[in-house]
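Shown below: work-v3.pdb, with PDB, C-alpha atoms.
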ATOM      1  CA  MET A   1      37.915   0.079  -3.634  1.00  0.00           C
ATOM      2  CA  LYS A   2      36.257  -3.326  -3.860  1.00  0.00           C
ATOM      3  CA  SER A   3      37.459  -5.947  -6.298  1.00  0.00           C
ATOM      4  CA  ALA A   4      35.526  -5.893  -9.560  1.00  0.00           C
ATOM      5  CA  ALA A   5      33.428  -8.851 -10.609  1.00  0.00           C
ATOM      6  CA  LEU A   6      35.292 -11.447 -12.609  1.00  0.00           C
ATOM      7  CA  PRO A   7      35.045 -10.762 -16.348  1.00  0.00           C
ATOM      8  CA  GLU A   8      33.873 -13.145 -19.006  1.00  0.00           C
ATOM      9  CA  VAL A   9      36.911 -14.696 -20.686  1.00  0.00           C
ATOM     10  CA  GLY A  10      36.896 -15.286 -24.419  1.00  0.00           C
ATOM     11  CA  ALA A  11      39.273 -16.276 -27.199  1.00  0.00           C
ATOM     12  CA  PRO A  12      43.063 -15.887 -26.891  1.00  0.00           C
ATOM     13  CA  LEU A  13      44.428 -12.466 -27.831  1.00  0.00           C
ATOM     14  CA  PHE A  14      48.102 -13.151 -27.166  1.00  0.00           C
ATOM     15  CA  SER A  15      49.880 -16.511 -27.344  1.00  0.00           C
ATOM     16  CA  LEU A  16      53.557 -16.859 -26.441  1.00  0.00           C
ATOM     17  CA  HIS A  17      55.395 -20.147 -26.818  1.00  0.00           C
ATOM     18  CA  GLY A  18      59.026 -20.306 -25.716  1.00  0.00           C
ATOM     19  CA  VAL A  19      59.400 -16.579 -26.354  1.00  0.00           C
ATOM     20  CA  ALA A  20      62.713 -14.880 -25.627  1.00  0.00           C
ATOM     21  CA  LEU A  21      63.710 -11.238 -25.858  1.00  0.00           C
ATOM     22  CA  ARG A  22      67.249  -9.898 -25.863  1.00  0.00           C
ATOM     23  CA  PHE A  23      68.648  -6.375 -25.790  1.00  0.00           C
ATOM     24  CA  GLY A  24      72.222  -6.904 -26.889  1.00  0.00           C
ATOM     25  CA  LYS A  25      73.800  -9.106 -24.245  1.00  0.00           C
ATOM     26  CA  VAL A  26      70.884  -8.658 -21.832  1.00  0.00           C
ATOM     27  CA  GLN A  27      68.327 -11.474 -21.712  1.00  0.00           C
ATOM     28  CA  ALA A  28      65.106  -9.638 -20.847  1.00  0.00           C
ATOM     29  CA  LEU A  29      62.718 -12.586 -21.362  1.00  0.00           C
ATOM     30  CA  ALA A  30      63.468 -16.295 -21.596  1.00  0.00           C
ATOM     31  CA  GLY A  31      61.209 -19.227 -22.438  1.00  0.00           C
ATOM     32  CA  ILE A  32      57.922 -17.395 -21.871  1.00  0.00           C
ATOM     33  CA  ASN A  33      54.838 -19.579 -22.296  1.00  0.00           C
ATOM     34  CA  LEU A  34      51.711 -17.503 -21.809  1.00  0.00           C
ATOM     35  CA  GLU A  35      48.221 -17.000 -23.177  1.00  0.00           C
ATOM     36  CA  ILE A  36      46.040 -13.967 -22.495  1.00  0.00           C
ATOM     37  CA  ALA A  37      42.381 -14.127 -23.523  1.00  0.00           C
ATOM     38  CA  THR A  38      39.735 -11.532 -24.237  1.00  0.00           C
ATOM     39  CA  GLY A  39      38.276 -10.036 -21.064  1.00  0.00           C
ATOM     40  CA  GLU A  40      41.068 -11.070 -18.704  1.00  0.00           C
ATOM     41  CA  ARG A  41      42.638  -8.696 -16.204  1.00  0.00           C
ATOM     42  CA  VAL A  42      46.217  -9.865 -15.843  1.00  0.00           C
ATOM     43  CA  ALA A  43      48.656  -8.400 -13.317  1.00  0.00           C
ATOM     44  CA  LEU A  44      52.381  -8.793 -13.976  1.00  0.00           C
ATOM     45  CA  ILE A  45      54.371  -8.685 -10.761  1.00  0.00           C
ATOM     46  CA  GLY A  46      57.974  -9.262  -9.781  1.00  0.00           C
ATOM     47  CA  ALA A  47      61.077  -7.401  -8.679  1.00  0.00           C
ATOM     48  CA  ASN A  48      62.682  -4.653 -10.748  1.00  0.00           C
ATOM     49  CA  GLY A  49      64.349  -6.202 -13.776  1.00  0.00           C
ATOM     50  CA  SER A  50      62.113  -9.272 -13.754  1.00  0.00           C
ATOM     51  CA  GLY A  51      60.818  -8.588 -17.271  1.00  0.00           C
ATOM     52  CA  LYS A  52      57.433  -6.965 -16.658  1.00  0.00           C
ATOM     53  CA  SER A  53      58.021  -3.868 -18.786  1.00  0.00           C
ATOM     54  CA  SER A  54      59.736  -5.889 -21.501  1.00  0.00           C
ATOM     55  CA  LEU A  55      56.761  -8.231 -21.710  1.00  0.00           C
ATOM     56  CA  LEU A  56      54.316  -5.317 -21.982  1.00  0.00           C
ATOM     57  CA  ARG A  57      56.368  -3.734 -24.755  1.00  0.00           C
ATOM     58  CA  LEU A  58      56.498  -7.042 -26.593  1.00  0.00           C
ATOM     59  CA  LEU A  59      52.721  -7.448 -26.357  1.00  0.00           C
ATOM     60  CA  HIS A  60      52.263  -3.910 -27.677  1.00  0.00           C
ATOM     61  CA  GLY A  61      54.559  -4.533 -30.624  1.00  0.00           C
ATOM     62  CA  LEU A  62      57.198  -2.033 -29.544  1.00  0.00           C
ATOM     63  CA  VAL A  63      59.998  -4.621 -29.551  1.00  0.00           C
ATOM     64  CA  PRO A  64      60.402  -7.819 -31.607  1.00  0.00           C
ATOM     65  CA  HIS A  65      60.923 -11.165 -29.880  1.00  0.00           C
ATOM     66  CA  SER A  66      64.289 -12.868 -30.349  1.00  0.00           C
ATOM     67  CA  ALA A  67      63.123 -16.484 -30.299  1.00  0.00           C
ATOM     68  CA  GLY A  68      60.014 -18.612 -29.945  1.00  0.00           C
ATOM     69  CA  VAL A  69      56.524 -17.995 -31.326  1.00  0.00           C
ATOM     70  CA  PHE A  70      54.478 -14.886 -30.557  1.00  0.00           C
ATOM     71  CA  LEU A  71      50.933 -14.676 -31.942  1.00  0.00           C
ATOM     72  CA  SER A  72      48.588 -11.724 -31.530  1.00  0.00           C
ATOM     73  CA  SER A  73      45.030 -11.458 -32.798  1.00  0.00           C
ATOM     74  CA  VAL A  74      44.661  -7.781 -31.862  1.00  0.00           C
ATOM     75  CA  SER A  75      45.837  -4.957 -34.088  1.00  0.00           C
ATOM     76  CA  ALA A  76      48.088  -2.158 -32.877  1.00  0.00           C
ATOM     77  CA  ALA A  77      45.217   0.298 -33.384  1.00  0.00           C
ATOM     78  CA  SER A  78      43.067  -1.721 -30.955  1.00  0.00           C
ATOM     79  CA  GLN A  79      45.599  -1.416 -28.127  1.00  0.00           C
ATOM     80  CA  ALA A  80      46.546   1.459 -25.851  1.00  0.00           C
ATOM     81  CA  MET A  81      49.552   1.534 -23.551  1.00  0.00           C
ATOM     82  CA  LEU A  82      50.140   3.727 -20.513  1.00  0.00           C
ATOM     83  CA  PHE A  83      53.668   4.211 -19.234  1.00  0.00           C
ATOM     84  CA  GLN A  84      54.787   5.048 -15.725  1.00  0.00           C
ATOM     85  CA  ARG A  85      55.890   8.468 -16.964  1.00  0.00           C
ATOM     86  CA  PRO A  86      53.704   9.361 -19.941  1.00  0.00           C
ATOM     87  CA  HIS A  87      55.141  11.477 -22.734  1.00  0.00           C
ATOM     88  CA  MET A  88      53.782  15.017 -22.748  1.00  0.00           C
ATOM     89  CA  LEU A  89      53.944  17.039 -25.952  1.00  0.00           C
ATOM     90  CA  ARG A  90      54.636  20.764 -25.654  1.00  0.00           C
ATOM     91  CA  ALA A  91      50.966  21.472 -26.320  1.00  0.00           C
ATOM     92  CA  SER A  92      47.660  21.861 -24.509  1.00  0.00           C
ATOM     93  CA  VAL A  93      46.129  19.009 -22.571  1.00  0.00           C
ATOM     94  CA  ARG A  94      43.302  18.789 -25.123  1.00  0.00           C
ATOM     95  CA  ASN A  95      45.683  18.695 -28.086  1.00  0.00           C
ATOM     96  CA  ASN A  96      47.792  15.970 -26.431  1.00  0.00           C
ATOM     97  CA  VAL A  97      44.690  13.787 -26.408  1.00  0.00           C
ATOM     98  CA  ALA A  98      43.335  14.929 -29.771  1.00  0.00           C
ATOM     99  CA  LEU A  99      46.573  14.170 -31.599  1.00  0.00           C
ATOM    100  CA  ALA A 100      46.266  10.459 -30.831  1.00  0.00           C
ATOM    101  CA  LEU A 101      42.818  10.415 -32.424  1.00  0.00           C
ATOM    102  CA  TRP A 102      43.952  12.490 -35.419  1.00  0.00           C
ATOM    103  CA  LEU A 103      46.800  10.054 -36.050  1.00  0.00           C
ATOM    104  CA  GLN A 104      44.199   7.288 -36.247  1.00  0.00           C
ATOM    105  CA  GLY A 105      42.299   9.110 -38.964  1.00  0.00           C
ATOM    106  CA  ALA A 106      39.819  11.348 -37.170  1.00  0.00           C
ATOM    107  CA  SER A 107      39.336  14.879 -38.452  1.00  0.00           C
ATOM    108  CA  TRP A 108      40.965  17.493 -36.225  1.00  0.00           C
ATOM    109  CA  ARG A 109      37.552  18.917 -35.328  1.00  0.00           C
ATOM    110  CA  ASN A 110      36.199  15.529 -34.258  1.00  0.00           C
ATOM    111  CA  ALA A 111      39.452  14.675 -32.513  1.00  0.00           C
ATOM    112  CA  LYS A 112      39.222  17.791 -30.334  1.00  0.00           C
ATOM    113  CA  HIS A 113      35.553  17.066 -29.576  1.00  0.00           C
ATOM    114  CA  GLU A 114      36.312  13.471 -28.512  1.00  0.00           C
ATOM    115  CA  ALA A 115      39.319  14.670 -26.521  1.00  0.00           C
ATOM    116  CA  THR A 116      37.118  17.089 -24.580  1.00  0.00           C
ATOM    117  CA  ILE A 117      34.699  14.262 -23.729  1.00  0.00           C
ATOM    118  CA  ALA A 118      37.547  11.997 -22.610  1.00  0.00           C
ATOM    119  CA  LEU A 119      39.057  14.717 -20.420  1.00  0.00           C
ATOM    120  CA  GLY A 120      35.692  15.208 -18.777  1.00  0.00           C
ATOM    121  CA  ARG A 121      35.619  11.524 -17.867  1.00  0.00           C
ATOM    122  CA  VAL A 122      38.896  11.826 -15.952  1.00  0.00           C
ATOM    123  CA  GLY A 123      38.074  15.153 -14.315  1.00  0.00           C
ATOM    124  CA  LEU A 124      40.394  17.340 -16.395  1.00  0.00           C
ATOM    125  CA  ALA A 125      37.889  19.296 -18.483  1.00  0.00           C
ATOM    126  CA  ASP A 126      38.791  22.534 -16.673  1.00  0.00           C
ATOM    127  CA  LEU A 127      42.471  22.065 -17.557  1.00  0.00           C
ATOM    128  CA  ALA A 128      41.979  21.277 -21.244  1.00  0.00           C
ATOM    129  CA  GLY A 129      43.694  24.483 -22.389  1.00  0.00           C
ATOM    130  CA  ARG A 130      46.693  24.230 -20.057  1.00  0.00           C
ATOM    131  CA  ASN A 131      50.146  23.206 -21.258  1.00  0.00           C
ATOM    132  CA  ALA A 132      50.320  19.477 -20.523  1.00  0.00           C
ATOM    133  CA  ARG A 133      53.845  19.733 -19.152  1.00  0.00           C
ATOM    134  CA  THR A 134      52.655  21.913 -16.275  1.00  0.00           C
ATOM    135  CA  LEU A 135      50.357  19.201 -14.899  1.00  0.00           C
ATOM    136  CA  SER A 136      51.136  17.331 -11.692  1.00  0.00           C
ATOM    137  CA  GLY A 137      52.137  13.676 -11.876  1.00  0.00           C
ATOM    138  CA  GLY A 138      48.630  12.491 -11.039  1.00  0.00           C
ATOM    139  CA  GLN A 139      47.092  14.868 -13.569  1.00  0.00           C
ATOM    140  CA  GLN A 140      49.505  13.682 -16.258  1.00  0.00           C
ATOM    141  CA  GLN A 141      48.498  10.069 -15.653  1.00  0.00           C
ATOM    142  CA  ARG A 142      44.829  11.015 -15.815  1.00  0.00           C
ATOM    143  CA  MET A 143      45.499  12.819 -19.095  1.00  0.00           C
ATOM    144  CA  ALA A 144      47.338   9.779 -20.446  1.00  0.00           C
ATOM    145  CA  LEU A 145      44.413   7.609 -19.402  1.00  0.00           C
ATOM    146  CA  ALA A 146      42.014   9.985 -21.189  1.00  0.00           C
ATOM    147  CA  ARG A 147      44.214   9.718 -24.287  1.00  0.00           C
ATOM    148  CA  ALA A 148      44.018   5.932 -24.166  1.00  0.00           C
ATOM    149  CA  TRP A 149      40.301   5.905 -23.318  1.00  0.00           C
ATOM    150  CA  ALA A 150      39.464   8.166 -26.269  1.00  0.00           C
ATOM    151  CA  LEU A 151      40.895   5.578 -28.660  1.00  0.00           C
ATOM    152  CA  HIS A 152      38.283   3.008 -27.536  1.00  0.00           C
ATOM    153  CA  PRO A 153      40.883   0.209 -27.366  1.00  0.00           C
ATOM    154  CA  ASP A 154      40.057  -3.455 -26.937  1.00  0.00           C
ATOM    155  CA  VAL A 155      43.234  -3.981 -24.887  1.00  0.00           C
ATOM    156  CA  MET A 156      44.837  -1.702 -22.299  1.00  0.00           C
ATOM    157  CA  LEU A 157      48.474  -2.261 -21.314  1.00  0.00           C
ATOM    158  CA  LEU A 158      49.669  -0.358 -18.238  1.00  0.00           C
ATOM    159  CA  ASP A 159      53.250  -0.163 -16.975  1.00  0.00           C
ATOM    160  CA  GLU A 160      53.264   0.810 -13.282  1.00  0.00           C
ATOM    161  CA  PRO A 161      50.704   3.577 -13.916  1.00  0.00           C
ATOM    162  CA  THR A 162      50.513   4.709 -10.274  1.00  0.00           C
ATOM    163  CA  ALA A 163      54.052   3.975  -9.057  1.00  0.00           C
ATOM    164  CA  SER A 164      55.286   7.582  -8.801  1.00  0.00           C
ATOM    165  CA  LEU A 165      52.066   9.118  -7.472  1.00  0.00           C
ATOM    166  CA  ASP A 166      51.075  10.238  -3.989  1.00  0.00           C
ATOM    167  CA  PRO A 167      48.432   8.154  -2.159  1.00  0.00           C
ATOM    168  CA  THR A 168      45.483  10.373  -3.143  1.00  0.00           C
ATOM    169  CA  ALA A 169      46.499  10.455  -6.807  1.00  0.00           C
ATOM    170  CA  LYS A 170      47.041   6.674  -6.734  1.00  0.00           C
ATOM    171  CA  ARG A 171      43.485   6.091  -5.529  1.00  0.00           C
ATOM    172  CA  ASP A 172      42.053   8.461  -8.117  1.00  0.00           C
ATOM    173  CA  VAL A 173      43.968   6.966 -11.045  1.00  0.00           C
ATOM    174  CA  GLU A 174      43.279   3.400  -9.923  1.00  0.00           C
ATOM    175  CA  ALA A 175      39.540   4.109  -9.784  1.00  0.00           C
ATOM    176  CA  LEU A 176      39.691   5.511 -13.313  1.00  0.00           C
ATOM    177  CA  ILE A 177      41.634   2.471 -14.524  1.00  0.00           C
ATOM    178  CA  ALA A 178      38.985   0.169 -13.057  1.00  0.00           C
ATOM    179  CA  GLU A 179      36.275   2.119 -14.898  1.00  0.00           C
ATOM    180  CA  ALA A 180      38.199   2.317 -18.173  1.00  0.00           C
ATOM    181  CA  ALA A 181      38.936  -1.427 -18.089  1.00  0.00           C
ATOM    182  CA  ARG A 182      35.282  -2.470 -18.032  1.00  0.00           C
ATOM    183  CA  GLY A 183      34.557  -4.584 -21.086  1.00  0.00           C
ATOM    184  CA  ARG A 184      38.208  -4.561 -22.092  1.00  0.00           C
ATOM    185  CA  THR A 185      41.243  -6.778 -21.668  1.00  0.00           C
ATOM    186  CA  LEU A 186      43.670  -5.344 -19.110  1.00  0.00           C
ATOM    187  CA  VAL A 187      47.328  -6.288 -18.667  1.00  0.00           C
ATOM    188  CA  PHE A 188      49.241  -4.230 -16.124  1.00  0.00           C
ATOM    189  CA  ALA A 189      52.504  -4.271 -14.215  1.00  0.00           C
ATOM    190  CA  SER A 190      52.411  -3.250 -10.571  1.00  0.00           C
ATOM    191  CA  HIS A 191      54.397  -3.454  -7.347  1.00  0.00           C
ATOM    192  CA  ASN A 192      51.272  -2.577  -5.358  1.00  0.00           C
ATOM    193  CA  LEU A 193      49.857  -5.913  -4.225  1.00  0.00           C
ATOM    194  CA  GLY A 194      46.690  -4.302  -2.888  1.00  0.00           C
ATOM    195  CA  GLN A 195      46.121  -2.828  -6.325  1.00  0.00           C
ATOM    196  CA  VAL A 196      46.703  -6.245  -7.872  1.00  0.00           C
ATOM    197  CA  LYS A 197      44.027  -7.753  -5.614  1.00  0.00           C
ATOM    198  CA  ARG A 198      41.576  -5.016  -6.527  1.00  0.00           C
ATOM    199  CA  LEU A 199      42.115  -4.888 -10.285  1.00  0.00           C
ATOM    200  CA  ALA A 200      43.323  -8.311 -11.430  1.00  0.00           C
ATOM    201  CA  SER A 201      41.588 -11.598 -12.101  1.00  0.00           C
ATOM    202  CA  ARG A 202      44.912 -13.370 -12.702  1.00  0.00           C
ATOM    203  CA  VAL A 203      48.496 -12.895 -11.520  1.00  0.00           C
ATOM    204  CA  VAL A 204      51.663 -13.710 -13.460  1.00  0.00           C
ATOM    205  CA  TYR A 205      54.821 -13.614 -11.332  1.00  0.00           C
ATOM    206  CA  LEU A 206      58.078 -13.053 -13.254  1.00  0.00           C
ATOM    207  CA  GLU A 207      61.652 -13.511 -12.144  1.00  0.00           C
ATOM    208  CA  HIS A 208      64.757 -13.051 -14.309  1.00  0.00           C
ATOM    209  CA  GLY A 209      62.610 -12.926 -17.420  1.00  0.00           C
ATOM    210  CA  ARG A 210      60.784 -16.193 -16.711  1.00  0.00           C
ATOM    211  CA  VAL A 211      57.232 -16.959 -15.594  1.00  0.00           C
ATOM    212  CA  VAL A 212      57.491 -18.552 -12.157  1.00  0.00           C
ATOM    213  CA  ALA A 213      53.785 -18.533 -11.237  1.00  0.00           C
ATOM    214  CA  ASP A 214      50.570 -17.962 -13.201  1.00  0.00           C
ATOM    215  CA  LEU A 215      47.409 -18.273 -11.119  1.00  0.00           C
ATOM    216  CA  PRO A 216      43.943 -16.793 -10.583  1.00  0.00           C
ATOM    217  CA  VAL A 217      44.262 -13.885  -8.163  1.00  0.00           C
ATOM    218  CA  HIS A 218      42.493 -15.634  -5.261  1.00  0.00           C
ATOM    219  CA  GLU A 219      44.748 -18.691  -5.593  1.00  0.00           C
ATOM    220  CA  PHE A 220      47.892 -16.596  -5.855  1.00  0.00           C
ATOM    221  CA  PHE A 221      47.289 -14.807  -2.560  1.00  0.00           C
ATOM    222  CA  ARG A 222      45.766 -17.732  -0.650  1.00  0.00           C
ATOM    223  CA  GLY A 223      47.362 -20.875  -1.991  1.00  0.00           C
ATOM    224  CA  PRO A 224      50.885 -22.316  -1.923  1.00  0.00           C
ATOM    225  CA  LEU A 225      53.401 -20.560  -4.175  1.00  0.00           C
ATOM    226  CA  PRO A 226      56.885 -21.260  -5.524  1.00  0.00           C
ATOM    227  CA  GLU A 227      59.460 -20.041  -3.009  1.00  0.00           C
ATOM    228  CA  GLU A 228      60.516 -16.971  -5.009  1.00  0.00           C
ATOM    229  CA  ALA A 229      56.929 -15.764  -5.382  1.00  0.00           C
ATOM    230  CA  ARG A 230      56.153 -16.483  -1.711  1.00  0.00           C
ATOM    231  CA  LEU A 231      59.114 -14.367  -0.568  1.00  0.00           C
ATOM    232  CA  PHE A 232      58.114 -11.539  -2.911  1.00  0.00           C
ATOM    233  CA  VAL A 233      54.555 -11.455  -1.572  1.00  0.00           C
ATOM    234  CA  LYS A 234      55.895 -11.413   1.996  1.00  0.00           C
ATOM    235  CA  GLY A 235      58.148  -8.483   1.111  1.00  0.00           C
ATOM    236  CA  GLU A 236      61.338 -10.439   1.651  1.00  0.00           C
ATOM    237  CA  LEU A 237      62.418 -10.389  -2.018  1.00  0.00           C
ATOM    238  CA  VAL A 238      62.876  -6.925  -3.520  1.00  0.00           C
TER     239      VAL A 238
END

Encoded form (structure tokens):
Amino acid sequence: MKSAALPEVGAPLFSLHGVALRFGKVQALAGINLEIATGERVALIGANGSGKSSLLRLLHGLVPHSAGVFLSSVSAASQAMLFQRPHMLRASVRNNVALALWLQGASWRNAKHEATIALGRVGLADLAGRNARTLSGGQQQRMALARAWALHPDVMLLDEPTASLDPTAKRDVEALIAEAARGRTLVFASHNLGQVKRLASRVVYLEHGRVVADLPVHEFFRGPLPEEARLFVKGELV
């Protein structure tokens, strides 16, 4: 897959100034200074425990920050988040998608209609009546992407959406993400540096809950980096 054209960047959606996040005695984020604007495609990278997932959850409003200033100009209803292992209700594939729309105020009839359209976009129309929990990992991620897509979000937040998939499923889901992200702001965590090059316009490298590097994607992979980020890119820091 070729890298997408660079998007037009607009006004700030998220602004973080000295933001910290704690879970009990665990410092998940510390002193985060970051702005994400409309139309950006931001990849969050770093070793396990670096704070990527915590930052995504903070942006989505799932956890409150412990210190600093966090400003968001996008409503919760205008965001959609995909997790590495999406939650599957004990219901049909179609109803798993339709429920998200119904919860946002759509009639059940319209919700099922929109869900059917969304499933068609990700190649799951033939499986709409199947129990969602019987889907393969790749199919579950495609269903989760259809669920997010159907909401017509302005912002998509993805937490390692292809990490547990086989190579074929990874390619399929990544292609769908690239399509779904057109005209939207995308913030995603990934360990797949090839995927970062293909999908991102900007890379934020985190370590121990702090931003160590924040650069346009071409500068991140071609220019000089802080030592920690350089070792991570070379595969010497895991």

I'd like to see the residues matched by the PyMOL selection byres ((chain A and resi 160-174) around 8) on this file, and ideally I'd get them as a PyMOL selection string. chain A and resi 82-85+137-138+141-142+158-159+175-178+188-191+195

Would you mind telling me which residue in A:Ala98, A:Ala181, A:Leu71, A:Leu145 lies nearest to Arg121 (chain A) when using all atoms listed in the file?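 Ranking A:Ala98, A:Ala181, A:Leu71, A:Leu145 by distance to Arg121 (chain A), first place goes to A:Leu145.
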
For the file shown, what are the residues hit by the PyMOL selection byres ((chain A and resi 130) around 10), laid out as a PyMOL selection string? chain A and resi 91-95+126-129+131-135

Might you pull out every residue within 8 Å of region 23-40 of chain A, with all atoms listed in the file counted and same-chain residues fewer than 3 positions away left off, and present them as JSON, numbers by chain? {"A": [7, 8, 9, 10, 11, 12, 13, 14, 15, 16, 17, 18, 19, 20, 49, 50, 51, 54, 55, 68, 183, 184, 185, 186, 187, 201, 202, 208, 209, 210, 211]}

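Here CA of Val196 (chain A) stands at a distance of 24.5 Å from CA of Ala150 (chain A).
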
Axis-aligned box for region 51-65 of chain A, 6 Å per side, centre and edges in Å as AutoDock Vina command-line options:
--center_x 56.6 --center_y -6.6 --center_z -24.1 --size_x 20.7 --size_y 21.1 --size_z 26.9

Residues of region 148-223 of chain A that have any atom at most 12 Å from an atom of region 104-115 of chain A: could you tabulate them with the shortest-distance atom pair and the distance in Å to one decimal, using all atoms listed in the file, ordered by chain and increasing number, as JSON lines?
{"residue": "A:Ala148", "atom": "CA", "partner": "A:Ala115", "partner_atom": "CA", "distance": 10.2}
{"residue": "A:Trp149", "atom": "CA", "partner": "A:Ala115", "partner_atom": "CA", "distance": 9.4}
{"residue": "A:Ala150", "atom": "CA", "partner": "A:Ala115", "partner_atom": "CA", "distance": 6.5}
{"residue": "A:Leu151", "atom": "CA", "partner": "A:Gln104", "partner_atom": "CA", "distance": 8.5}
{"residue": "A:His152", "atom": "CA", "partner": "A:Glu114", "partner_atom": "CA", "distance": 10.7}
{"residue": "A:Pro153", "atom": "CA", "partner": "A:Gln104", "partner_atom": "CA", "distance": 11.8}

Contacts of region 222-235 of chain A at 12 Å (all atoms listed in the file; same-chain gap of 6+ positions) as a list in words: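 Non-adjacent residues within range: Leu44, Ile45, Gly46, Ala47, Asn48, Ser50, His191, Asn192, Leu193, Gly194, Val196, Lys197, Val203, Val204, Tyr205, Leu206, Glu207, His208, Arg210, Val211, Val212, Ala213, Asp214, Leu215 and Pro216 of chain A.
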
What is the CA of Ser78 (chain A) to CA of Ser66 (chain A) distance in Å? 24.0 Å

Using only C-alpha atoms, which of A:Val155, A:Ala180, A:Ala146, A:Leu103 sits nearest Ser72 (chain A)?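 Between A:Val155, A:Ala180, A:Ala146, A:Leu103, the residue approaching Ser72 (chain A) most closely is A:Val155.
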
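With all atoms listed in the file as the atoms that count, the residue of A:Leu58, A:Arg147, A:Leu157, A:Trp102 with the shortest distance to Phe70 (chain A) is A:Leu58.
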
One decimal, in Å: what's the spacing between CA of Leu89 (chain A) and CA of Ser53 (chain A)?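 A separation of 22.5 Å between them.
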
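Distances here use all atoms listed in the file; by that measure, the residue among A:Val69, A:Leu124, A:Val63, A:Met88 closest to Ala100 (chain A) is A:Met88.
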
Compare A:Val74, A:Pro86, A:Ala80, A:Arg22 by their minimum atom-to-atom distance to Leu101 (chain A), counting all atoms listed in the file, and give me the closest one.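 With all atoms listed in the file as the atom set, the closest residue is A:Ala80.
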
Can you complete the atoms of region 217-230 of chain A to N, CA and C atoms and list them as a tab-separated table (two decimals), in the frame of the given file?
chain	number	residue	atom	x	y	z
A	217	VAL	N	43.82	-14.77	-9.24
A	217	VAL	CA	44.26	-13.88	-8.16
A	217	VAL	C	43.97	-14.47	-6.79
A	218	HIS	N	42.81	-15.11	-6.59
A	218	HIS	CA	42.49	-15.63	-5.26
A	218	HIS	C	43.41	-16.79	-4.88
A	219	GLU	N	43.83	-17.59	-5.87
A	219	GLU	CA	44.75	-18.69	-5.59
A	219	GLU	C	46.15	-18.18	-5.32
A	220	PHE	N	46.54	-17.12	-6.03
A	220	PHE	CA	47.89	-16.60	-5.86
A	220	PHE	C	48.10	-16.10	-4.43
A	221	PHE	N	47.11	-15.40	-3.89
A	221	PHE	CA	47.29	-14.81	-2.56
A	221	PHE	C	46.87	-15.72	-1.42
A	222	ARG	N	46.22	-16.84	-1.72
A	222	ARG	CA	45.77	-17.73	-0.65
A	222	ARG	C	46.41	-19.10	-0.69
A	223	GLY	N	46.86	-19.52	-1.86
A	223	GLY	CA	47.36	-20.88	-1.99
A	223	GLY	C	48.87	-20.95	-1.88
A	224	PRO	N	49.43	-22.15	-1.94
A	224	PRO	CA	50.88	-22.32	-1.92
A	224	PRO	C	51.50	-21.75	-3.20
A	225	LEU	N	52.70	-21.18	-3.06
A	225	LEU	CA	53.40	-20.56	-4.18
A	225	LEU	C	54.82	-21.09	-4.27
A	226	PRO	N	55.44	-21.01	-5.45
A	226	PRO	CA	56.88	-21.26	-5.52
A	226	PRO	C	57.62	-20.33	-4.56
A	227	GLU	N	58.77	-20.77	-4.06
A	227	GLU	CA	59.46	-20.04	-3.01
A	227	GLU	C	59.75	-18.59	-3.38
A	228	GLU	N	60.19	-18.34	-4.62
A	228	GLU	CA	60.52	-16.97	-5.01
A	228	GLU	C	59.28	-16.07	-4.92
A	229	ALA	N	58.15	-16.55	-5.42
A	229	ALA	CA	56.93	-15.76	-5.38
A	229	ALA	C	56.45	-15.57	-3.95
A	230	ARG	N	56.57	-16.59	-3.12
A	230	ARG	CA	56.15	-16.48	-1.71
A	230	ARG	C	56.95	-15.41	-1.00
